[in-house]
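Note sheet for the following structure.
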Amino acid sequence: MNRVYNFSAGPSMLPLPVLEKAAAELVTYGSSGMSVMEMSHRSPDYEAIIKDAEAMLRRLMNIPENYKVLFLQGGASTQFAAVPLNLIGRTGKADYVVSGQFSGKAFKEAQKMGYDVALAATTKEANFSRVPTLTRDMFRPDAAYVHICYNNTIYGTKYADVPDTGDIPLVADMSSCILSEPVDVSRFGVIYAGAQKNMAPAGLTVVIVRDDLLDSADPQMPTMLEWKTMAENGSMYNTPPCYPIYVAKLVYEWLLSIGGLDEMKRRNEEKAALLYSYLDSQNYYIAPVRPDSRSMMNVTFVTGDAELDKKFASAAAAAGLKNLKGHRSVGGMRASIYNAMPREGVERLVEFMKEFAAANPKA
């Protein structure tokens with residue numbers, strides 16, 4: 001069976017060379033005589049895998065030495081609780097920016113714990129069609145951290161620049177944009193990301209945390225959520241998500257082989273420009289996101305007719321363009337064009353959009 005173009009927001013498609021290498025090594029990894037899925041995480045073979053994965057990620061993202069890299073379980077949603085538990089002890093206060101569903105969930109999770117958390121800014125009134133414009137004076141000077149979602153998967157928005165929070169550590173959920181372009185890690189106190197969009201299969205979460213923030217945890221927090229414990233144990237306080245870490249290593253190898261994040265950014269900008277240029281050139285489809293907040297990874301659009309949107313998603317799937325239906329909370333369509341999506345997939349999507357518009361005139 002031929003592979004389709006998979007526009008899923010996550011779990012998403014992986015680079016074909018990664019899948020092929022994983023398939024070749026599935027039954028027997030190297031000279032171990034066993035699959036990575038079978039080997040002990042304490043074995044020399046697996047310890048080499050996880051150490052190589054960290055080294056490659058550090059190289060790709062140019063992660064400074066004073067940051068720890070953690071390979072964890074639980075998804076980014078678990079970090080909604082882990083972030084305040086690990087950081088609130090600095091001052092007892094935290095500020096949140098709500099620019100979509102996941103940043104809203106993170107805010108509610110911190111509130112639920114009874115901490116002093118404030119809503120610094122939101123674009124809910126604009127139906128999250130843009131990200132907020134942020135300035136230092138919007139944050140409390142004694143906040144332990146400021147939390148943002150850097151790319152909003154559901155609404156298709158992204159910060160064009162890293163917000164300036166001054167001396168307050170910036171915490172960013174980068175689940176749907178990590179590794180899509182270079183970022184200055186030193187501008188952040190913490191970066192965390194679920195891996196199933198741009199990095200690996202579901203089951204792995206990466207946390208990148210500055211060393212000086214590892215001693216601010218709530219003393220009552222569960223051990224499994226404590227970054228310091230995980231850092232001191234090399235992400236192996238318990239059995240880590242072994243196979244997703246191995247696949248992440250293969251993804252890092254692939255990214256390095258094509259030229260790193262500078263080349264990945266070039267490719268992603270090219271793909272996004274193809275799709276946005278078409279959307280801006282016609283009036284059949286509507287792109288709801290303000291141009292200065294547009295995501296390179298998640299492109300949302302609608303026809304303005306819910307039944308027509310449903311027909312589009314169904315017809316696209318039949319044409320081999322899968323998972324274009326928008327999130328259930330907003331409807332419409334969403335094309336997630338992560339790193340692994342080739343240019344040809346976006347070209348085929350634009351071609352199909354033209355064909356559909358010609359065959360289905362609006363009333």
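Every chain in the structure tokens has a letter given in the order shown (A, B, ...), and although residue numbers restart at 1 in each chain, ligands are simply numbered from 1 in the order shown.
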Spatial neighbours of stretch 262-274 of chain A, max dist 7 Å, only C-alpha atoms, sep filter under 4 positions, as number ranges by chain: A: 180-182, 258, 278, 296, 339, 343, 346
For stretch 246-297 of chain A versus stretch 30-48 of chain A, which residues have an atom no more than 12 Å away, and what is each residue's nearest atom pair and distance in Å rounded to one decimal, using only C-alpha atoms, chain-then-number order, as JSON lines?
{"residue": "A:Tyr246", "atom": "CA", "partner": "A:Val36", "partner_atom": "CA", "distance": 7.6}
{"residue": "A:Val247", "atom": "CA", "partner": "A:Val36", "partner_atom": "CA", "distance": 9.9}
{"residue": "A:Lys249", "atom": "CA", "partner": "A:Ala48", "partner_atom": "CA", "distance": 10.8}
Output all heavy atoms of each residue in that selection to a file, as a CSV table (one decimal), in the first residue's frame.
chain,number,residue,atom,x,y,z
A,246,TYR,N,14.7,6.2,21.4
A,246,TYR,CA,15.5,5.6,20.3
A,246,TYR,C,15.1,6.2,19.0
A,246,TYR,O,15.9,6.7,18.2
A,246,TYR,CB,15.3,4.1,20.3
A,246,TYR,CG,15.6,3.5,19.0
A,246,TYR,CD1,16.9,3.3,18.5
A,246,TYR,CD2,14.5,3.0,18.2
A,246,TYR,CE1,17.1,2.7,17.2
A,246,TYR,CE2,14.7,2.4,17.0
A,246,TYR,CZ,16.0,2.3,16.5
A,246,TYR,OH,16.2,1.7,15.3
A,247,VAL,N,13.8,6.3,18.8
A,247,VAL,CA,13.3,6.9,17.5
A,247,VAL,C,13.6,8.4,17.5
A,247,VAL,O,14.0,9.0,16.4
A,247,VAL,CB,11.8,6.7,17.3
A,247,VAL,CG1,11.3,7.4,16.1
A,247,VAL,CG2,11.4,5.2,17.3
A,249,LYS,N,16.3,9.7,18.7
A,249,LYS,CA,17.7,9.7,18.3
A,249,LYS,C,17.8,9.6,16.8
A,249,LYS,O,18.6,10.3,16.1
A,249,LYS,CB,18.5,8.6,19.0
A,249,LYS,CG,19.9,8.6,18.6
A,249,LYS,CD,20.7,7.4,19.3
A,249,LYS,CE,20.5,6.2,18.5
A,249,LYS,NZ,21.4,6.1,17.3
Residue neighbourhood A:Ile50, 10 Å, only C-alpha atoms, exclusion window fewer than 6 positions, as a PyMOL selection string: chain A and resi 41+56+71+234-236+240+242+245-246+248-249
Can you spit out the residues from that selection as an mmCIF file, in the first residue's frame, using all heavy atoms?
data_model
loop_
_atom_site.group_PDB
_atom_site.id
_atom_site.type_symbol
_atom_site.label_atom_id
_atom_site.label_comp_id
_atom_site.auth_asym_id
_atom_site.auth_seq_id
_atom_site.Cartn_x
_atom_site.Cartn_y
_atom_site.Cartn_z
ATOM 1 N N HIS A 41 16.951 -0.885 30.077
ATOM 2 C CA HIS A 41 17.397 0.504 29.995
ATOM 3 C C HIS A 41 18.720 0.718 30.737
ATOM 4 O O HIS A 41 19.344 1.768 30.590
ATOM 5 C CB HIS A 41 16.324 1.451 30.539
ATOM 6 C CG HIS A 41 15.970 1.237 31.975
ATOM 7 N ND1 HIS A 41 15.351 0.096 32.433
ATOM 8 C CD2 HIS A 41 16.153 2.028 33.071
ATOM 9 C CE1 HIS A 41 15.156 0.198 33.733
ATOM 10 N NE2 HIS A 41 15.642 1.361 34.156
ATOM 11 N N MET A 56 23.021 14.655 20.601
ATOM 12 C CA MET A 56 22.543 15.148 19.308
ATOM 13 C C MET A 56 21.541 16.289 19.473
ATOM 14 O O MET A 56 21.574 17.274 18.733
ATOM 15 C CB MET A 56 21.900 14.006 18.519
ATOM 16 C CG MET A 56 22.876 12.973 18.022
ATOM 17 S SD MET A 56 22.003 11.640 17.160
ATOM 18 C CE MET A 56 23.337 10.438 17.022
ATOM 19 N N PHE A 71 14.458 13.291 29.428
ATOM 20 C CA PHE A 71 13.574 12.482 28.588
ATOM 21 C C PHE A 71 12.569 11.802 29.516
ATOM 22 O O PHE A 71 12.927 10.880 30.253
ATOM 23 C CB PHE A 71 14.374 11.441 27.810
ATOM 24 C CG PHE A 71 15.336 12.031 26.809
ATOM 25 C CD1 PHE A 71 16.708 11.940 27.012
ATOM 26 C CD2 PHE A 71 14.874 12.676 25.679
ATOM 27 C CE1 PHE A 71 17.599 12.471 26.089
ATOM 28 C CE2 PHE A 71 15.763 13.219 24.753
ATOM 29 C CZ PHE A 71 17.126 13.118 24.952
ATOM 30 N N GLY A 234 19.821 10.943 35.366
ATOM 31 C CA GLY A 234 19.997 10.822 33.934
ATOM 32 C C GLY A 234 18.743 10.398 33.197
ATOM 33 O O GLY A 234 18.803 9.617 32.239
ATOM 34 N N SER A 235 17.593 10.887 33.646
ATOM 35 C CA SER A 235 16.271 10.559 33.089
ATOM 36 C C SER A 235 15.889 9.099 33.317
ATOM 37 O O SER A 235 14.932 8.602 32.713
ATOM 38 C CB SER A 235 16.209 10.862 31.586
ATOM 39 O OG SER A 235 16.403 12.234 31.331
ATOM 40 N N MET A 236 16.639 8.412 34.199
ATOM 41 C CA MET A 236 16.349 6.994 34.423
ATOM 42 C C MET A 236 16.135 6.692 35.908
ATOM 43 O O MET A 236 16.631 5.702 36.437
ATOM 44 C CB MET A 236 17.453 6.134 33.818
ATOM 45 C CG MET A 236 17.442 6.190 32.299
ATOM 46 S SD MET A 236 18.267 4.799 31.479
ATOM 47 C CE MET A 236 19.978 5.268 31.685
ATOM 48 N N PRO A 240 12.535 4.674 31.488
ATOM 49 C CA PRO A 240 12.086 5.759 30.619
ATOM 50 C C PRO A 240 11.324 5.201 29.420
ATOM 51 O O PRO A 240 11.274 3.974 29.221
ATOM 52 C CB PRO A 240 13.402 6.407 30.179
ATOM 53 C CG PRO A 240 14.367 5.261 30.149
ATOM 54 C CD PRO A 240 13.965 4.358 31.290
ATOM 55 N N CYS A 242 11.659 4.013 26.464
ATOM 56 C CA CYS A 242 12.875 3.604 25.751
ATOM 57 C C CYS A 242 12.763 3.697 24.236
ATOM 58 O O CYS A 242 13.641 4.271 23.578
ATOM 59 C CB CYS A 242 13.253 2.177 26.146
ATOM 60 S SG CYS A 242 13.708 1.983 27.880
ATOM 61 N N ILE A 245 12.517 7.241 22.738
ATOM 62 C CA ILE A 245 13.805 7.929 22.831
ATOM 63 C C ILE A 245 14.729 7.467 21.710
ATOM 64 O O ILE A 245 15.439 8.268 21.087
ATOM 65 C CB ILE A 245 14.447 7.696 24.212
ATOM 66 C CG1 ILE A 245 13.625 8.374 25.313
ATOM 67 C CG2 ILE A 245 15.892 8.206 24.237
ATOM 68 C CD1 ILE A 245 14.048 8.018 26.726
ATOM 69 N N TYR A 246 14.709 6.166 21.445
ATOM 70 C CA TYR A 246 15.500 5.625 20.335
ATOM 71 C C TYR A 246 15.064 6.243 19.007
ATOM 72 O O TYR A 246 15.903 6.652 18.196
ATOM 73 C CB TYR A 246 15.346 4.105 20.311
ATOM 74 C CG TYR A 246 15.587 3.461 18.971
ATOM 75 C CD1 TYR A 246 16.868 3.313 18.451
ATOM 76 C CD2 TYR A 246 14.505 2.982 18.216
ATOM 77 C CE1 TYR A 246 17.073 2.713 17.204
ATOM 78 C CE2 TYR A 246 14.701 2.385 16.987
ATOM 79 C CZ TYR A 246 15.979 2.255 16.478
ATOM 80 O OH TYR A 246 16.171 1.678 15.259
ATOM 81 N N ALA A 248 13.551 9.097 18.601
ATOM 82 C CA ALA A 248 13.968 10.500 18.647
ATOM 83 C C ALA A 248 15.432 10.639 18.237
ATOM 84 O O ALA A 248 15.796 11.563 17.499
ATOM 85 C CB ALA A 248 13.753 11.072 20.050
ATOM 86 N N LYS A 249 16.254 9.722 18.692
ATOM 87 C CA LYS A 249 17.671 9.747 18.286
ATOM 88 C C LYS A 249 17.801 9.636 16.761
ATOM 89 O O LYS A 249 18.603 10.342 16.140
ATOM 90 C CB LYS A 249 18.451 8.623 18.962
ATOM 91 C CG LYS A 249 19.938 8.598 18.601
ATOM 92 C CD LYS A 249 20.656 7.443 19.267
ATOM 93 C CE LYS A 249 20.530 6.156 18.487
ATOM 94 N NZ LYS A 249 21.417 6.122 17.296
#
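Proximity to A:Ala200 was assessed for A:Tyr115, A:Tyr243, A:Tyr145, A:Phe107 counting only C-alpha atoms; the smallest distance is recorded for A:Tyr243.
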Every residue of stretch 31-186 of chain A that DSSP places in strand (DSSP E), as number ranges by chain: A: 67-72, 93-98, 116-122, 146-149, 151-152, 157-158, 170-173
Selected residues written out with C-alpha atoms, as a CSV table (one decimal), in the first residue's frame:
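out17.csv, written as the output of this step:
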chain,number,residue,atom,x,y,z
A,67,TYR,CA,20.8,23.4,31.0
A,68,LYS,CA,19.7,19.8,31.8
A,69,VAL,CA,17.9,17.7,29.1
A,70,LEU,CA,15.3,15.3,30.5
A,71,PHE,CA,13.6,12.5,28.6
A,72,LEU,CA,10.3,11.9,30.5
A,93,LYS,CA,3.6,33.4,42.2
A,94,ALA,CA,3.4,32.7,38.5
A,95,ASP,CA,2.0,34.5,35.4
A,96,TYR,CA,0.3,32.8,32.5
A,97,VAL,CA,-0.4,33.9,28.9
A,98,VAL,CA,-3.4,32.1,27.4
A,116,ASP,CA,-1.1,32.5,43.2
A,117,VAL,CA,-1.3,32.4,39.4
A,118,ALA,CA,-2.3,35.4,37.4
A,119,LEU,CA,-3.6,35.8,33.8
A,120,ALA,CA,-1.2,38.2,32.3
A,121,ALA,CA,-2.7,38.3,28.8
A,122,THR,CA,-5.1,36.4,26.6
A,146,VAL,CA,5.9,33.4,32.9
A,147,HIS,CA,4.3,30.5,31.0
A,148,ILE,CA,3.4,30.6,27.3
A,149,CYS,CA,2.5,28.1,24.6
A,151,ASN,CA,2.9,27.5,18.9
A,152,ASN,CA,-0.8,26.8,19.2
A,157,THR,CA,-0.8,30.6,15.8
A,158,LYS,CA,2.8,31.2,16.9
A,170,LEU,CA,10.2,32.2,30.6
A,171,VAL,CA,8.6,28.7,30.4
A,172,ALA,CA,7.5,27.6,26.9
A,173,ASP,CA,5.4,24.7,25.8
All helix (DSSP H, G or I) residues (DSSP, backbone) inside stretch 224-283 of chain A, as JSON, numbers by chain: {"A": [224, 225, 227, 228, 229, 230, 231, 232, 242, 243, 244, 245, 246, 247, 248, 249, 250, 251, 252, 253, 254, 255, 256, 257, 258, 260, 261, 262, 263, 264, 265, 266, 267, 268, 269, 270, 271, 272, 273, 274, 275, 276, 277, 278, 279, 280]}
Nearest-residue call for A:Pro132, choices A:Lys362, A:Arg59, A:Lys112, A:Arg290, using only C-alpha atoms: A:Arg290
Length of the atom CA of A:Ala110 to atom CA of A:Leu85 vector [Å]: 8.5 Å
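The shortest atom-to-atom distance to A:Ser257, with only C-alpha atoms taken into account, belongs to A:Leu60 out of A:Ala318, A:Met353, A:Leu60, A:Ile49.
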Distance criterion (only C-alpha atoms): nearest to A:Leu87 out of A:Ala202, A:Val4, A:Val209, A:Leu16: A:Val209
Residues near A:Thr300, cut-off 8 Å, only C-alpha atoms, skip fewer than 5 positions along chain, as a list of chain:residue names: A:Tyr155, A:Gly156, A:Ala287, A:Pro288, A:Val289, A:Gly326, A:Gly332, A:Met333, A:Arg334, A:Ala335
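Remark: for A:Asn283, the closest of the candidate residues A:Pro241, A:Gly331, A:Pro361, A:Gly320 is A:Pro361 (distances computed over only C-alpha atoms).
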